[in-house]
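Each remark here refers to the structure printed beneath this line.
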Amino acid sequence: MFLKRLVVGEMQANCYIVADGKKVMVIDPGGEGERILKIIRQNLLKVLFIVNTHAHIDHIGANDLIRKETGAPLFIHSNDVPFLKSAELNFSKSMGNKMFFSPADKTIKEGEKIKVGRLEFKVIHTPGHTPGSICLYGEGVLFSGDTLFANFIGRADFTGGNFEALKNSLLEKLLKLPDEVIVYPGHGPKTTIGKERKTNPFINEFLKK
């Protein structure tokens, strides 16, 4: 598995280029689309699809450029589809630049399998940060979007956020994964499920109750 992390945009979001051979999935192209495309072109990669873990502007900002230049379809959970067309929901309005995006080509749901060549990732629906937040799990890694970070968790105080749903997503879904799973979050450095189980103060607080 080829895995490249790019930190993009004003909010320093993580965009991931995941490949098996020349076949690629782009996760959360939140900005700096030409920089993402440069890597794709230099390595002669074929983008099979783009996946948004959720539809906030810092994770979708370069969606349409990548789609236009590669012809790749966009996958997103149905609950976040309205965010693509709402500058208020996707927070581009709050950032001072209203942005609207083309509709998704496909909506994905809990348990669905996404294949990149020989690689396979399962969709885990993890509402809380947004109603349609998802994580992708497979090949010993978890792309956690803004649900779980190193020593932190996603915010639930934005429009569409739900703290109890976020807590449930963490405890009942992500913490059920093996400790050795490597977590690649939407912002910041990688971590592991085991480390977060032991040291994440928010998760520790949840586990006490």
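Going by the structure tokens order, chains are called A, B, ..., each with residues numbered from 1, while ligands are numbered from 1 in the order shown.
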- Query: Do you know which residues are at most 10 Å from Met11 (chain A) counting only C-alpha atoms, after dropping those on the same chain fewer than 6 positions away, and could you put them as a PyMOL selection string?
  - Reply: chain A and resi 30-31+57-59+187
Residues from the last selection, C-alpha atoms, saved as a compact mmCIF listing (two decimals), in the first residue's frame:
```txt
# COMPACT_ATOMS: atom_id res chain seq x y z
CA GLY A 30 -9.56 19.92 1.43
CA GLY A 31 -7.50 22.41 -0.53
CA ILE A 57 -14.87 23.04 3.81
CA ASP A 58 -11.40 22.05 5.05
CA HIS A 59 -12.03 18.51 3.80
CA HIS A 187 -5.80 16.81 11.36
```
Please build the interface table for region 27-72 of chain A against region 99-109 of chain A with a cut-off of 10 Å, listing for each qualifying residue the nearest atom pair and the distance in Å to one decimal; count only C-alpha atoms, order rows by chain and increasing number, and write it as a Markdown table.
```
| residue | atom | partner | partner_atom | distance |
| --- | --- | --- | --- | --- |
| A:Phe49 | CA | A:Asp105 | CA | 9.6 |
| A:Ile50 | CA | A:Ala104 | CA | 9.7 |
| A:Val51 | CA | A:Ile108 | CA | 9.3 |
| A:Asn52 | CA | A:Ala104 | CA | 9.7 |
| A:Ala55 | CA | A:Phe101 | CA | 9.9 |
| A:Ile57 | CA | A:Met99 | CA | 8.1 |
| A:Ile60 | CA | A:Phe101 | CA | 8.4 |
| A:Gly61 | CA | A:Met99 | CA | 8.2 |
| A:Ala62 | CA | A:Phe101 | CA | 9.5 |
| A:Asn63 | CA | A:Phe101 | CA | 7.6 |
| A:Asp64 | CA | A:Phe101 | CA | 6.7 |
| A:Arg67 | CA | A:Ser102 | CA | 9.6 |
| A:Ala72 | CA | A:Asp105 | CA | 9.2 |
```
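The gap separating CA of Lys115 (chain A) from CA of Gln42 (chain A) is 22.8 Å, in Å to one decimal.
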### Message
One decimal, in Å: what's the spacing between CA of Glu180 (chain A) and CA of Glu139 (chain A)?
### Response
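A separation of 11.4 Å between them.
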**Message:** Neighbouring residues of region 166-171 of chain A were defined as those with any atom within 10 Å, considering only C-alpha atoms; residues of the same chain fewer than 3 positions away were excluded. Please report them as a PyMOL selection string.
**Reply:** chain A and resi 124-131+133-134+147-148+153-156+161-163+174-176+197+202-203+206-207
Emit the selected residues as a short mmCIF file (atom, residue, chain, number, x, y, z; two decimals), in the first residue's frame, including N, CA and C atoms.
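Okay, this is what ended up in out_35.cif:
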```cif
data_model
loop_
_atom_site.label_atom_id
_atom_site.label_comp_id
_atom_site.auth_asym_id
_atom_site.auth_seq_id
_atom_site.Cartn_x
_atom_site.Cartn_y
_atom_site.Cartn_z
N ILE A 124 -17.24 2.88 8.10
CA ILE A 124 -17.83 2.91 9.44
C ILE A 124 -18.51 4.26 9.60
N HIS A 125 -19.81 4.26 9.76
CA HIS A 125 -20.55 5.50 9.95
C HIS A 125 -20.36 5.97 11.39
N THR A 126 -19.75 7.14 11.56
CA THR A 126 -19.44 7.65 12.89
C THR A 126 -20.02 9.05 13.09
N PRO A 127 -21.34 9.16 13.17
CA PRO A 127 -21.94 10.49 13.34
C PRO A 127 -21.52 11.13 14.66
N GLY A 128 -21.60 12.44 14.67
CA GLY A 128 -21.25 13.19 15.88
C GLY A 128 -20.64 14.52 15.51
N HIS A 129 -19.53 14.47 14.79
CA HIS A 129 -18.92 15.71 14.30
C HIS A 129 -19.84 16.32 13.24
N THR A 130 -20.31 15.49 12.33
CA THR A 130 -21.40 15.81 11.41
C THR A 130 -22.30 14.60 11.35
N PRO A 131 -23.52 14.75 10.83
CA PRO A 131 -24.43 13.60 10.76
C PRO A 131 -23.90 12.47 9.86
N SER A 133 -20.56 11.83 9.11
CA SER A 133 -19.14 11.51 9.27
C SER A 133 -18.91 10.01 9.13
N ILE A 134 -17.83 9.66 8.44
CA ILE A 134 -17.45 8.26 8.30
C ILE A 134 -15.97 8.09 8.60
N THR A 147 -13.37 12.52 13.58
CA THR A 147 -13.99 11.83 14.71
C THR A 147 -12.98 11.59 15.82
N LEU A 148 -11.78 11.17 15.47
CA LEU A 148 -10.75 10.85 16.46
C LEU A 148 -9.40 11.40 16.01
N ILE A 153 -10.60 14.54 20.37
CA ILE A 153 -11.74 14.01 19.62
C ILE A 153 -12.37 15.14 18.83
N GLY A 154 -13.26 14.78 17.91
CA GLY A 154 -13.90 15.79 17.09
C GLY A 154 -14.83 16.69 17.89
N ARG A 155 -15.01 17.89 17.38
CA ARG A 155 -15.97 18.80 17.99
C ARG A 155 -17.38 18.41 17.59
N ALA A 156 -18.31 18.67 18.51
CA ALA A 156 -19.71 18.35 18.23
C ALA A 156 -20.60 19.57 18.41
N GLY A 161 -23.79 18.84 14.56
CA GLY A 161 -23.02 18.02 15.50
C GLY A 161 -23.90 17.47 16.62
N ASN A 162 -23.43 16.38 17.23
CA ASN A 162 -24.20 15.74 18.30
C ASN A 162 -23.22 15.03 19.22
N PHE A 163 -23.07 15.55 20.43
CA PHE A 163 -22.05 15.02 21.35
C PHE A 163 -22.32 13.56 21.73
N LEU A 174 -15.24 2.72 17.16
CA LEU A 174 -13.80 2.83 16.98
C LEU A 174 -13.01 2.09 18.06
N LEU A 175 -13.47 2.15 19.31
CA LEU A 175 -12.74 1.47 20.37
C LEU A 175 -12.94 -0.05 20.37
N LYS A 176 -13.78 -0.53 19.49
CA LYS A 176 -13.94 -1.98 19.30
C LYS A 176 -12.85 -2.54 18.38
N ARG A 197 -6.85 4.68 23.51
CA ARG A 197 -7.58 4.02 24.59
C ARG A 197 -6.93 4.31 25.94
N PHE A 202 -10.29 12.49 26.75
CA PHE A 202 -11.73 12.48 26.50
C PHE A 202 -12.26 11.05 26.54
N ILE A 203 -11.54 10.14 25.93
CA ILE A 203 -11.96 8.75 25.92
C ILE A 203 -11.87 8.16 27.33
N PHE A 206 -14.87 9.19 29.15
CA PHE A 206 -16.03 8.41 28.71
C PHE A 206 -16.05 7.03 29.36
N LEU A 207 -14.88 6.40 29.43
CA LEU A 207 -14.78 5.03 29.94
C LEU A 207 -15.04 4.95 31.43
#
```
Got a sec to tell me which of region 23-173 of chain A DSSP assigns to strand (DSSP E or B), as a ChimeraX atom specification?
/A:23-27,46-51,74-77,106-108,113-116,119-125,134-138,141-145,148-149,152-153
Kindly save the residues from that selection, with C-alpha atoms included, as a PDB file, in the first residue's frame.
```pdb
ATOM      1  CA  LYS A  23      -4.834   2.728  -8.585  1.00  0.00           C
ATOM      2  CA  VAL A  24      -5.687   5.516  -6.154  1.00  0.00           C
ATOM      3  CA  MET A  25      -8.257   6.717  -3.663  1.00  0.00           C
ATOM      4  CA  VAL A  26      -8.022  10.356  -2.571  1.00  0.00           C
ATOM      5  CA  ILE A  27      -9.417  11.013   0.907  1.00  0.00           C
ATOM      6  CA  LYS A  46      -5.249   6.667 -11.774  1.00  0.00           C
ATOM      7  CA  VAL A  47      -7.765   8.106  -9.322  1.00  0.00           C
ATOM      8  CA  LEU A  48     -10.612   5.613  -8.945  1.00  0.00           C
ATOM      9  CA  PHE A  49     -12.618   7.804  -6.574  1.00  0.00           C
ATOM     10  CA  ILE A  50     -12.548  10.616  -4.033  1.00  0.00           C
ATOM     11  CA  VAL A  51     -13.934   9.986  -0.543  1.00  0.00           C
ATOM     12  CA  LEU A  74     -17.056  11.524  -5.366  1.00  0.00           C
ATOM     13  CA  PHE A  75     -18.242   9.294  -2.508  1.00  0.00           C
ATOM     14  CA  ILE A  76     -19.845  10.701   0.647  1.00  0.00           C
ATOM     15  CA  HIS A  77     -22.372   9.586   3.255  1.00  0.00           C
ATOM     16  CA  LYS A 106     -22.363   7.988  -4.940  1.00  0.00           C
ATOM     17  CA  THR A 107     -23.514   7.870  -1.329  1.00  0.00           C
ATOM     18  CA  ILE A 108     -21.828   5.326   0.907  1.00  0.00           C
ATOM     19  CA  LYS A 113     -16.605  -2.058   1.174  1.00  0.00           C
ATOM     20  CA  ILE A 114     -14.423   0.245  -0.907  1.00  0.00           C
ATOM     21  CA  LYS A 115     -11.730  -1.446  -2.989  1.00  0.00           C
ATOM     22  CA  VAL A 116      -8.553   0.149  -4.300  1.00  0.00           C
ATOM     23  CA  LEU A 119      -6.832  -3.052  -0.894  1.00  0.00           C
ATOM     24  CA  GLU A 120     -10.185  -3.089   0.853  1.00  0.00           C
ATOM     25  CA  PHE A 121     -11.633  -0.613   3.324  1.00  0.00           C
ATOM     26  CA  LYS A 122     -14.893  -0.816   5.253  1.00  0.00           C
ATOM     27  CA  VAL A 123     -17.067   2.234   5.776  1.00  0.00           C
ATOM     28  CA  ILE A 124     -17.832   2.909   9.441  1.00  0.00           C
ATOM     29  CA  HIS A 125     -20.551   5.503   9.949  1.00  0.00           C
ATOM     30  CA  ILE A 134     -17.454   8.259   8.303  1.00  0.00           C
ATOM     31  CA  CYS A 135     -14.198   6.437   8.937  1.00  0.00           C
ATOM     32  CA  LEU A 136     -12.507   3.974   6.593  1.00  0.00           C
ATOM     33  CA  TYR A 137     -11.017   0.826   8.127  1.00  0.00           C
ATOM     34  CA  GLY A 138      -8.842  -1.791   6.479  1.00  0.00           C
ATOM     35  CA  VAL A 141      -5.288   1.363   9.350  1.00  0.00           C
ATOM     36  CA  LEU A 142      -8.192   3.676  10.112  1.00  0.00           C
ATOM     37  CA  PHE A 143      -8.804   6.972   8.344  1.00  0.00           C
ATOM     38  CA  SER A 144     -10.766   8.675  11.102  1.00  0.00           C
ATOM     39  CA  GLY A 145     -11.666  12.050   9.623  1.00  0.00           C
ATOM     40  CA  LEU A 148     -10.750  10.849  16.461  1.00  0.00           C
ATOM     41  CA  PHE A 149      -7.379  12.580  16.730  1.00  0.00           C
ATOM     42  CA  PHE A 152      -8.305  14.647  21.106  1.00  0.00           C
ATOM     43  CA  ILE A 153     -11.738  14.008  19.621  1.00  0.00           C
TER      44      ILE A 153
END
```
*One decimal, Å: what's the distance from CA of Leu37 (chain A) over to CA of Gly111 (chain A), could you say?*
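Separation between CA of Leu37 (chain A) and CA of Gly111 (chain A): 29.6 Å.
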Who sits within 10 Å of Leu89 (chain A), only C-alpha atoms, same chain under 2 positions skipped, as a PyMOL selection string: chain A and resi 55-57+80+82-87+91-94+130+158-160
- From the list A:Asn200, A:Ile40, A:Gly9, A:Pro189, which residue is nearest Met95 (chain A) when using only C-alpha atoms?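 For Met95 (chain A), the nearest of the candidates is A:Gly9.
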Tell me which protein, DNA and RNA residues are within 12 Å of Lys38 (chain A), counting only C-alpha atoms, leaving out same-chain ones fewer than 6 positions away, and put them as a ChimeraX atom specification.
/A:6,17,32,44-45,66,69-70
